[in-house]
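Coordinates as given in structure-v3.json (JSON, C-alpha atoms):
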```
[["chain", "number", "residue", "atom", "x", "y", "z"],
["A", 1, "MET", "CA", 73.70, -69.54, -196.53],
["A", 2, "ASP", "CA", 75.73, -68.19, -193.65],
["A", 3, "ALA", "CA", 79.15, -66.68, -194.25],
["A", 4, "LEU", "CA", 81.14, -69.61, -192.86],
["A", 5, "THR", "CA", 79.31, -72.26, -194.93],
["A", 6, "ASN", "CA", 79.60, -70.03, -197.97],
["A", 7, "LYS", "CA", 83.36, -69.71, -197.44],
["A", 8, "ALA", "CA", 83.77, -73.49, -197.07],
["A", 9, "VAL", "CA", 81.72, -74.17, -200.21],
["A", 10, "SER", "CA", 83.73, -71.55, -202.10],
["A", 11, "ILE", "CA", 87.03, -73.09, -201.07],
["A", 12, "ILE", "CA", 85.89, -76.63, -202.00],
["A", 13, "VAL", "CA", 84.48, -75.56, -205.38],
["A", 14, "LEU", "CA", 87.56, -73.51, -206.26],
["A", 15, "PHE", "CA", 89.94, -76.22, -205.07],
["A", 16, "LEU", "CA", 88.16, -78.82, -207.22],
["A", 17, "LEU", "CA", 88.12, -76.62, -210.30],
["A", 18, "GLY", "CA", 91.69, -75.44, -209.83],
["A", 19, "SER", "CA", 93.16, -78.91, -209.27],
["A", 20, "THR", "CA", 91.19, -80.34, -212.23],
["A", 21, "GLY", "CA", 92.50, -77.49, -214.36],
["A", 22, "ILE", "CA", 96.12, -77.94, -213.25],
["A", 23, "LEU", "CA", 96.04, -81.73, -213.81],
["A", 24, "TYR", "CA", 94.38, -81.49, -217.22],
["A", 25, "LEU", "CA", 96.59, -78.59, -218.34],
["A", 26, "GLY", "CA", 99.66, -80.56, -217.28],
["A", 27, "SER", "CA", 98.72, -83.63, -219.32],
["A", 28, "THR", "CA", 97.67, -81.53, -222.32],
["A", 29, "ALA", "CA", 100.93, -79.58, -222.23],
["A", 30, "GLN", "CA", 102.91, -82.84, -222.04],
["A", 31, "ASN", "CA", 101.04, -84.30, -225.05],
["A", 32, "TYR", "CA", 101.59, -81.07, -226.92],
["A", 33, "LEU", "CA", 105.33, -81.14, -226.23],
["A", 34, "ASP", "CA", 105.50, -84.80, -227.33],
["A", 35, "MET", "CA", 103.74, -83.96, -230.58],
["A", 36, "VAL", "CA", 106.02, -81.02, -231.27],
["A", 37, "GLU", "CA", 109.11, -83.12, -230.53],
["A", 38, "THR", "CA", 107.84, -85.76, -232.96],
["A", 39, "THR", "CA", 107.31, -83.19, -235.70],
["A", 40, "LEU", "CA", 110.73, -81.67, -235.11],
["A", 41, "ASN", "CA", 112.56, -85.00, -235.28],
["A", 42, "PHE", "CA", 110.53, -86.79, -237.94],
["A", 43, "ASP", "CA", 112.60, -87.16, -241.08],
["A", 44, "LEU", "CA", 112.90, -88.76, -244.49],
["A", 45, "LYS", "CA", 116.34, -89.84, -245.72],
["A", 46, "ALA", "CA", 117.50, -91.18, -249.07],
["A", 47, "ARG", "CA", 119.55, -94.39, -248.81],
["A", 48, "GLY", "CA", 120.47, -94.94, -252.43],
["A", 49, "ILE", "CA", 119.38, -95.67, -255.98],
["A", 50, "LEU", "CA", 120.15, -99.15, -257.32],
["A", 51, "PHE", "CA", 120.44, -100.01, -260.99],
["A", 52, "ASP", "CA", 119.91, -103.59, -262.12],
["A", 53, "GLN", "CA", 120.24, -104.31, -265.84],
["A", 54, "VAL", "CA", 118.15, -107.35, -266.75],
["A", 55, "SER", "CA", 118.82, -107.33, -270.47],
["A", 56, "GLU", "CA", 120.10, -104.90, -273.10],
["A", 57, "ASP", "CA", 116.83, -102.97, -273.22],
["A", 58, "LEU", "CA", 115.42, -103.68, -269.80],
["A", 59, "ALA", "CA", 116.61, -102.50, -266.39],
["A", 60, "GLU", "CA", 115.14, -102.04, -262.96],
["A", 61, "VAL", "CA", 115.80, -98.97, -260.84],
["A", 62, "THR", "CA", 115.10, -99.11, -257.11],
["A", 63, "VAL", "CA", 115.07, -96.10, -254.83],
["A", 64, "LEU", "CA", 115.64, -96.84, -251.14],
["A", 65, "PHE", "CA", 114.78, -94.40, -248.40],
["A", 66, "LEU", "CA", 114.13, -94.28, -244.67],
["A", 67, "ILE", "CA", 111.06, -92.95, -242.91],
["A", 68, "ASP", "CA", 112.65, -91.99, -239.62],
["A", 69, "ASN", "CA", 110.42, -91.85, -236.56],
["A", 70, "LEU", "CA", 113.22, -92.81, -234.21],
["A", 71, "HIS", "CA", 113.08, -89.86, -231.86],
["A", 72, "SER", "CA", 109.36, -89.30, -231.48],
["A", 73, "LYS", "CA", 107.82, -89.45, -228.05],
["A", 74, "ASN", "CA", 105.20, -91.54, -226.35],
["A", 75, "GLU", "CA", 102.31, -92.77, -228.42],
["A", 76, "VAL", "CA", 102.30, -90.29, -231.26],
["A", 77, "MET", "CA", 101.41, -92.63, -234.12],
["A", 78, "LEU", "CA", 102.04, -91.64, -237.73],
["A", 79, "TYR", "CA", 100.33, -92.71, -240.94],
["A", 80, "THR", "CA", 102.52, -91.80, -243.88],
["A", 81, "SER", "CA", 102.82, -91.68, -247.63],
["A", 82, "VAL", "CA", 105.87, -90.65, -249.63],
["A", 83, "ALA", "CA", 106.10, -89.02, -253.06],
["A", 84, "LEU", "CA", 109.42, -89.19, -254.95],
["A", 85, "SER", "CA", 110.75, -87.83, -258.20],
["A", 86, "PHE", "CA", 114.01, -87.32, -260.05],
["A", 87, "SER", "CA", 115.14, -86.48, -263.56],
["A", 88, "LEU", "CA", 116.85, -89.06, -265.70],
["A", 89, "GLY", "CA", 118.15, -87.21, -268.70],
["A", 90, "ASP", "CA", 115.14, -85.61, -270.35],
["A", 91, "SER", "CA", 112.50, -87.68, -268.54],
["A", 92, "LEU", "CA", 111.09, -87.11, -265.09],
["A", 93, "LYS", "CA", 110.53, -90.24, -263.03],
["A", 94, "THR", "CA", 107.84, -89.99, -260.39],
["A", 95, "GLY", "CA", 106.52, -92.47, -257.91],
["A", 96, "SER", "CA", 104.98, -92.91, -254.52],
["A", 97, "TYR", "CA", 105.19, -95.20, -251.58],
["A", 98, "SER", "CA", 102.65, -95.85, -248.91],
["A", 99, "TYR", "CA", 103.30, -97.65, -245.65],
["A", 100, "ASN", "CA", 100.01, -99.27, -244.74],
["A", 101, "TYR", "CA", 100.49, -99.49, -240.99],
["A", 102, "SER", "CA", 100.93, -96.87, -238.32],
["A", 103, "ILE", "CA", 104.53, -96.04, -237.59],
["A", 104, "SER", "CA", 105.20, -96.34, -233.90],
["A", 105, "PRO", "CA", 107.60, -94.10, -232.00],
["A", 106, "GLY", "CA", 111.22, -95.24, -232.08],
["A", 107, "THR", "CA", 110.82, -96.97, -235.46],
["A", 108, "VAL", "CA", 112.58, -96.59, -238.79],
["A", 109, "ILE", "CA", 110.84, -97.87, -241.91],
["A", 110, "VAL", "CA", 112.82, -98.78, -245.00],
["A", 111, "GLY", "CA", 110.77, -97.80, -248.04],
["A", 112, "ARG", "CA", 111.45, -98.79, -251.64],
["A", 113, "TRP", "CA", 110.12, -97.62, -254.97],
["A", 114, "SER", "CA", 111.02, -99.58, -258.10],
["A", 115, "PHE", "CA", 110.36, -98.94, -261.75],
["A", 116, "LEU", "CA", 111.45, -100.50, -265.02],
["A", 117, "LEU", "CA", 113.44, -98.84, -267.77],
["A", 118, "ASN", "CA", 112.71, -100.30, -271.21],
["A", 119, "ASN", "CA", 114.34, -97.59, -273.22],
["A", 120, "THR", "CA", 117.99, -97.89, -274.24],
["A", 121, "THR", "CA", 118.53, -94.11, -274.13],
["A", 122, "GLU", "CA", 117.47, -93.98, -270.47],
["A", 123, "ILE", "CA", 119.50, -97.08, -269.64],
["A", 124, "ASN", "CA", 122.55, -95.50, -271.22],
["A", 125, "THR", "CA", 121.91, -92.24, -269.34],
["A", 126, "CYS", "CA", 121.80, -94.24, -266.12],
["A", 127, "LYS", "CA", 125.06, -96.01, -266.93],
["A", 128, "GLY", "CA", 126.67, -92.68, -267.78],
["A", 129, "LEU", "CA", 125.60, -91.25, -264.42],
["A", 130, "ILE", "CA", 126.97, -94.29, -262.61],
["A", 131, "GLU", "CA", 130.32, -94.17, -264.40],
["A", 132, "SER", "CA", 130.76, -90.43, -263.94],
["A", 133, "LYS", "CA", 129.55, -90.73, -260.33],
["A", 134, "THR", "CA", 127.16, -87.84, -260.94],
["A", 135, "PRO", "CA", 124.43, -87.70, -258.29],
["A", 136, "VAL", "CA", 120.82, -87.26, -259.32],
["A", 137, "THR", "CA", 118.64, -84.89, -257.34],
["A", 138, "LEU", "CA", 115.99, -86.90, -255.58],
["A", 139, "LYS", "CA", 112.96, -84.88, -254.49],
["A", 140, "MET", "CA", 111.04, -86.43, -251.62],
["A", 141, "THR", "CA", 107.92, -85.44, -249.76],
["A", 142, "VAL", "CA", 106.53, -87.37, -246.86],
["A", 143, "SER", "CA", 103.14, -86.51, -245.45],
["A", 144, "ALA", "CA", 102.21, -87.97, -242.13],
["A", 145, "ILE", "CA", 98.99, -87.81, -240.19],
["A", 146, "LEU", "CA", 99.15, -87.39, -236.44],
["A", 147, "LEU", "CA", 95.75, -88.85, -235.72],
["A", 148, "GLU", "CA", 95.41, -87.84, -232.12],
["A", 149, "PHE", "CA", 96.03, -84.18, -232.88],
["A", 150, "ARG", "CA", 94.28, -84.08, -236.26],
["A", 151, "LYS", "CA", 97.38, -82.65, -237.90],
["A", 152, "VAL", "CA", 99.16, -83.26, -241.16],
["A", 153, "LEU", "CA", 102.93, -83.08, -241.10],
["A", 154, "TYR", "CA", 104.96, -82.49, -244.26],
["A", 155, "VAL", "CA", 108.65, -82.94, -244.82],
["A", 156, "ASN", "CA", 109.99, -81.82, -248.21],
["A", 157, "LYS", "CA", 113.56, -82.72, -249.07],
["A", 158, "MET", "CA", 115.97, -82.71, -252.00],
["A", 159, "GLU", "CA", 119.03, -84.90, -251.79],
["A", 160, "GLY", "CA", 121.77, -85.68, -254.26],
["A", 161, "VAL", "CA", 122.04, -89.46, -254.57],
["A", 162, "GLU", "CA", 124.47, -91.49, -256.66],
["A", 163, "ILE", "CA", 123.14, -94.39, -258.70],
["A", 164, "GLN", "CA", 124.89, -97.69, -258.12],
["A", 165, "TYR", "CA", 124.94, -101.07, -259.77],
["A", 166, "VAL", "CA", 123.25, -103.85, -257.80],
["B", 1, "MET", "CA", 95.68, -50.14, -191.20],
["B", 2, "SER", "CA", 93.42, -53.12, -190.57],
["B", 3, "GLU", "CA", 91.10, -51.86, -193.29],
["B", 4, "ILE", "CA", 94.01, -51.84, -195.75],
["B", 5, "LEU", "CA", 94.92, -55.40, -194.72],
["B", 6, "LEU", "CA", 91.29, -56.44, -195.13],
["B", 7, "ASN", "CA", 91.22, -54.95, -198.63],
["B", 8, "ILE", "CA", 94.45, -56.73, -199.53],
["B", 9, "ARG", "CA", 92.95, -60.01, -198.28],
["B", 10, "LYS", "CA", 89.80, -59.38, -200.32],
["B", 11, "GLY", "CA", 91.88, -58.57, -203.40],
["B", 12, "PHE", "CA", 93.97, -61.68, -202.90],
["B", 13, "TRP", "CA", 90.85, -63.83, -202.60],
["B", 14, "VAL", "CA", 89.41, -62.31, -205.80],
["B", 15, "LEU", "CA", 92.66, -62.94, -207.68],
["B", 16, "GLN", "CA", 92.96, -66.45, -206.30],
["B", 17, "SER", "CA", 89.41, -67.39, -207.24],
["B", 18, "ALA", "CA", 89.80, -65.80, -210.69],
["B", 19, "LEU", "CA", 93.08, -67.69, -211.22],
["B", 20, "LEU", "CA", 91.68, -71.08, -210.16],
["B", 21, "VAL", "CA", 88.64, -70.64, -212.39],
["B", 22, "ALA", "CA", 90.92, -69.45, -215.21],
["B", 23, "LEU", "CA", 93.03, -72.61, -214.81],
["B", 24, "PHE", "CA", 89.93, -74.77, -215.15],
["B", 25, "VAL", "CA", 88.51, -72.92, -218.16],
["B", 26, "ALA", "CA", 91.94, -72.69, -219.84],
["B", 27, "SER", "CA", 92.42, -76.44, -219.47],
["B", 28, "VAL", "CA", 89.35, -76.95, -221.66],
["B", 29, "ALA", "CA", 90.08, -74.06, -224.04],
["B", 30, "VAL", "CA", 93.72, -74.95, -224.60],
["B", 31, "THR", "CA", 92.73, -78.31, -226.12],
["B", 32, "MET", "CA", 90.73, -76.40, -228.68],
["B", 33, "PHE", "CA", 93.63, -74.08, -229.41],
["B", 34, "ILE", "CA", 96.21, -76.83, -229.70],
["B", 35, "THR", "CA", 94.15, -79.04, -231.96],
["B", 36, "HIS", "CA", 92.98, -76.30, -234.29],
["B", 37, "ALA", "CA", 94.94, -73.12, -234.24],
["B", 38, "TYR", "CA", 98.62, -73.40, -234.69],
["B", 39, "MET", "CA", 101.10, -73.65, -237.46],
["B", 40, "PHE", "CA", 104.83, -73.88, -237.16],
["B", 41, "LYS", "CA", 107.72, -75.27, -239.13],
["B", 42, "ASN", "CA", 106.40, -77.96, -241.45],
["B", 43, "VAL", "CA", 103.15, -78.77, -239.70],
["B", 44, "CYS", "CA", 99.88, -77.66, -241.21],
["B", 45, "THR", "CA", 96.50, -77.80, -239.62],
["B", 46, "PHE", "CA", 93.28, -79.03, -241.06],
["B", 47, "PRO", "CA", 90.80, -76.19, -241.55],
["B", 48, "VAL", "CA", 89.77, -74.56, -238.32],
["B", 49, "LYS", "CA", 86.56, -75.99, -236.99],
["B", 50, "ILE", "CA", 84.81, -73.42, -234.87],
["B", 51, "PHE", "CA", 81.41, -74.96, -234.31],
["B", 52, "GLY", "CA", 82.51, -78.36, -233.14],
["B", 53, "GLY", "CA", 82.26, -80.15, -229.83],
["B", 54, "GLU", "CA", 85.05, -77.99, -228.43],
["B", 55, "VAL", "CA", 82.89, -74.87, -228.49],
["B", 56, "PHE", "CA", 80.18, -76.64, -226.53],
["B", 57, "ALA", "CA", 82.77, -77.92, -224.04],
["B", 58, "LEU", "CA", 84.13, -74.40, -223.71],
["B", 59, "LEU", "CA", 80.64, -73.02, -223.09],
["B", 60, "VAL", "CA", 79.98, -75.60, -220.36],
["B", 61, "ALA", "CA", 83.38, -74.94, -218.74],
["B", 62, "ALA", "CA", 82.81, -71.18, -218.83],
["B", 63, "PHE", "CA", 79.36, -71.65, -217.28],
["B", 64, "VAL", "CA", 80.76, -73.80, -214.45],
["B", 65, "GLY", "CA", 83.64, -71.34, -213.97],
["B", 66, "GLY", "CA", 81.27, -68.37, -213.78],
["B", 67, "LEU", "CA", 79.11, -70.20, -211.26],
["B", 68, "ALA", "CA", 82.15, -70.86, -209.09],
["B", 69, "LEU", "CA", 83.12, -67.19, -209.25],
["B", 70, "ALA", "CA", 79.63, -66.14, -208.23],
["B", 71, "ILE", "CA", 79.61, -68.58, -205.28],
["B", 72, "ALA", "CA", 83.11, -67.57, -204.18],
["B", 73, "ASN", "CA", 82.48, -63.82, -204.28],
["B", 74, "PRO", "CA", 79.05, -63.16, -202.75],
["B", 75, "ASN", "CA", 79.88, -59.70, -201.42],
["B", 76, "TYR", "CA", 80.22, -57.98, -204.76],
["B", 77, "ASP", "CA", 77.50, -56.28, -206.75],
["B", 78, "ALA", "CA", 76.87, -57.01, -210.42],
["B", 79, "LYS", "CA", 79.48, -54.49, -211.55],
["B", 80, "GLY", "CA", 82.12, -55.94, -209.23],
["B", 81, "LEU", "CA", 81.38, -59.46, -210.42],
["B", 82, "LEU", "CA", 81.71, -58.38, -214.03],
["B", 83, "GLY", "CA", 85.16, -57.10, -213.18],
["B", 84, "ILE", "CA", 86.10, -60.39, -211.52],
["B", 85, "VAL", "CA", 84.85, -62.35, -214.54],
["B", 86, "ALA", "CA", 86.87, -60.05, -216.81],
["B", 87, "ILE", "CA", 90.01, -60.69, -214.72],
["B", 88, "SER", "CA", 89.37, -64.43, -214.93],
["B", 89, "VAL", "CA", 88.89, -64.34, -218.72],
["B", 90, "PHE", "CA", 92.09, -62.30, -219.07],
["B", 91, "LEU", "CA", 94.01, -64.82, -216.93],
["B", 92, "THR", "CA", 92.53, -67.67, -219.01],
["B", 93, "TYR", "CA", 94.07, -66.25, -222.17],
["B", 94, "LEU", "CA", 97.40, -65.63, -220.44],
["B", 95, "ILE", "CA", 97.48, -69.32, -219.45],
["B", 96, "ILE", "CA", 96.50, -70.41, -222.98],
["B", 97, "PHE", "CA", 99.31, -68.33, -224.49],
["B", 98, "ALA", "CA", 101.77, -69.69, -221.95],
["B", 99, "ILE", "CA", 100.86, -73.29, -222.89],
["B", 100, "ILE", "CA", 100.93, -72.80, -226.66],
["B", 101, "ALA", "CA", 104.26, -70.95, -226.40],
["B", 102, "LEU", "CA", 105.76, -73.75, -224.29],
["B", 103, "PRO", "CA", 107.35, -75.76, -227.15],
["B", 104, "GLN", "CA", 109.16, -72.68, -228.45],
["B", 105, "VAL", "CA", 110.60, -72.06, -225.02],
["B", 106, "VAL", "CA", 111.52, -75.72, -224.45],
["B", 107, "TYR", "CA", 112.92, -76.50, -227.92],
["B", 108, "GLN", "CA", 114.15, -73.00, -228.81],
["B", 109, "PHE", "CA", 112.83, -72.79, -232.34],
["B", 110, "GLU", "CA", 111.22, -69.92, -234.15],
["B", 111, "VAL", "CA", 107.69, -69.96, -235.47],
["B", 112, "SER", "CA", 106.25, -67.97, -238.33],
["B", 113, "ALA", "CA", 104.08, -64.94, -237.70],
["B", 114, "ASP", "CA", 101.10, -66.98, -238.93],
["B", 115, "PHE", "CA", 101.33, -69.03, -235.79],
["B", 116, "TRP", "CA", 100.54, -66.05, -233.57],
["B", 117, "TYR", "CA", 98.07, -64.46, -236.03],
["B", 118, "GLY", "CA", 96.21, -67.77, -236.04],
["B", 119, "ASN", "CA", 96.08, -67.89, -232.27],
["B", 120, "ILE", "CA", 95.06, -64.25, -231.87],
["B", 121, "GLY", "CA", 92.35, -64.83, -234.46],
["B", 122, "LYS", "CA", 91.20, -67.83, -232.50],
["B", 123, "ILE", "CA", 90.95, -65.70, -229.37],
["B", 124, "PHE", "CA", 88.50, -63.39, -231.14],
["B", 125, "LEU", "CA", 86.45, -66.44, -232.05],
["B", 126, "THR", "CA", 86.41, -67.97, -228.58],
["B", 127, "LEU", "CA", 86.17, -64.78, -226.53],
["B", 128, "PRO", "CA", 82.38, -64.30, -227.03],
["B", 129, "VAL", "CA", 81.71, -67.92, -226.06],
["B", 130, "LEU", "CA", 83.91, -67.74, -222.99],
["B", 131, "ALA", "CA", 82.75, -64.34, -221.78],
["B", 132, "PHE", "CA", 79.09, -65.10, -222.50],
["B", 133, "GLY", "CA", 79.26, -68.41, -220.61],
["B", 134, "GLU", "CA", 80.80, -66.84, -217.52],
["B", 135, "PHE", "CA", 78.62, -63.72, -217.45],
["B", 136, "ALA", "CA", 75.44, -65.75, -218.01],
["B", 137, "SER", "CA", 76.12, -68.11, -215.14],
["B", 138, "VAL", "CA", 77.00, -65.25, -212.78],
["B", 139, "PHE", "CA", 73.70, -63.50, -213.49],
["B", 140, "LEU", "CA", 71.73, -66.74, -213.39],
["B", 141, "TYR", "CA", 73.19, -67.53, -209.97],
["B", 142, "ARG", "CA", 72.32, -64.07, -208.70],
["B", 143, "VAL", "CA", 68.77, -64.28, -210.03],
["B", 144, "LEU", "CA", 68.18, -67.77, -208.61],
["B", 145, "THR", "CA", 69.62, -67.00, -205.18],
["B", 146, "GLY", "CA", 68.10, -63.52, -205.09],
["B", 147, "GLU", "CA", 71.30, -62.12, -203.58]]
```
File written out as structure tokens:
Amino acid sequence: MDALTNKAVSIIVLFLLGSTGILYLGSTAQNYLDMVETTLNFDLKARGILFDQVSEDLAEVTVLFLIDNLHSKNEVMLYTSVALSFSLGDSLKTGSYSYNYSISPGTVIVGRWSFLLNNTTEINTCKGLIESKTPVTLKMTVSAILLEFRKVLYVNKMEGVEIQYV
Amino acid sequence: MSEILLNIRKGFWVLQSALLVALFVASVAVTMFITHAYMFKNVCTFPVKIFGGEVFALLVAAFVGGLALAIANPNYDAKGLLGIVAISVFLTYLIIFAIIALPQVVYQFEVSADFWYGNIGKIFLTLPVLAFGEFASVFLYRVLTGE
């Protein structure tokens, strides 16, 4: 190969490799930034705990919360499940919630977890908390899967929430 | 004076070719880094997978990159080419670090030390693959062309 041909081939090969690299790096960096922005903004918020007394020894408690994916970017889809717990007097109430569909960017999902109280002591504890306006500490963990990036994202939160009558 | 200018031009060409090849190889390698080797704030990774498709992709990219370096720098002996490959590999890792540090610069948040330990550890895992791929293709090119 003479020097001139060699130079031309070199320039073409390097130009192709370099431009491919720049384009691919650019798109990868953008995806990466989108994913990081999603993880930074993704949140779980308590909305309230509702108390509904059905009869003297039966009541339903409903915990409402928001899975907030409002500020995520582009097509970073999330698959989530939420674990919740709080103490009611001496007993610990635990539950979970699973949203069966992917959560698209710019969406807020309202989740609810309900359980029945069939114990008068617990019902009375609940009423006492409502009347004294004492908040219970709700512990929440949401785990989300960012499929495209093969990552698991966790948000752990504790919020004081007042119980209210329905 | 003209000899100095000629040397500067040669040096510039070497750096330019090493940088362009580094950009190409880093574009493949950075995917591997981003998907497997970082941890910040509340995001955890799945276990690092080091013998997956990414390693093969990295090997192929390094081979192509090494070939391009050998074609672009025909006037250097084996020792000189090794130096050029080393420069290219070094630039590749600089680019990778620049990309993985980008979110911290853009969003101004701090990451734990594990984040960087994880990435430095990953470099030790990928370095043999990258360096081997580039060196092998350089020598293969030289043997096949008989230059």
key: Close residues, Ile95 in chain B itself excluded, 8 Å, only C-alpha atoms, min 5 positions apart in chain, as a PyMOL selection string   = chain B and resi 22-23+26
Chain B contacts on chain A, only C-alpha atoms, 8 Å, as a list in words =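 Taking only C-alpha atoms into account, Asn6, Lys7, Val9, Ser10, Ile11, Val13, Leu14, Phe15, Leu17, Gly18, Ser19, Thr20, Gly21, Ile22, Tyr24, Leu25, Thr28, Ala29, Tyr32, Leu33, Val36, Thr39, Phe149, Arg150, Lys151, Val152, Leu153, Tyr154 and Val155 of chain A sit within 8 Å of chain B.
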ask   = Got a sec: who's within 10 Å of Ile123 in chain B, counting only C-alpha atoms, leaving out chain neighbours fewer than 5 positions off, as a VMD selection string?
value = chain B and resid 29 33 37 93 96 117 to 118 128 130
request  = Show which residues sit within 12 Å of range 110-123 of chain A, as an NGL selection string. Count only C-alpha atoms, and ignore same-chain residues fewer than 5 positions away.
outcome  = :A and (44-69 or 80-85 or 87-100 or 103 or 128-130 or 140 or 142 or 163 or 165)
task = Could you please determine the separation between CA of Leu82 in chain B and CA of Leu23 in chain A in Å, to one decimal place?
result =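 We find that CA of Leu82 in chain B and CA of Leu23 in chain A lie 27.4 Å from each other.
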message = My list of candidates is B:Leu144, B:Ala136, B:Ile4, B:Leu125. Which is closest to Ala62 in chain B when distances are computed with all atoms listed in the file?
response = B:Ala136
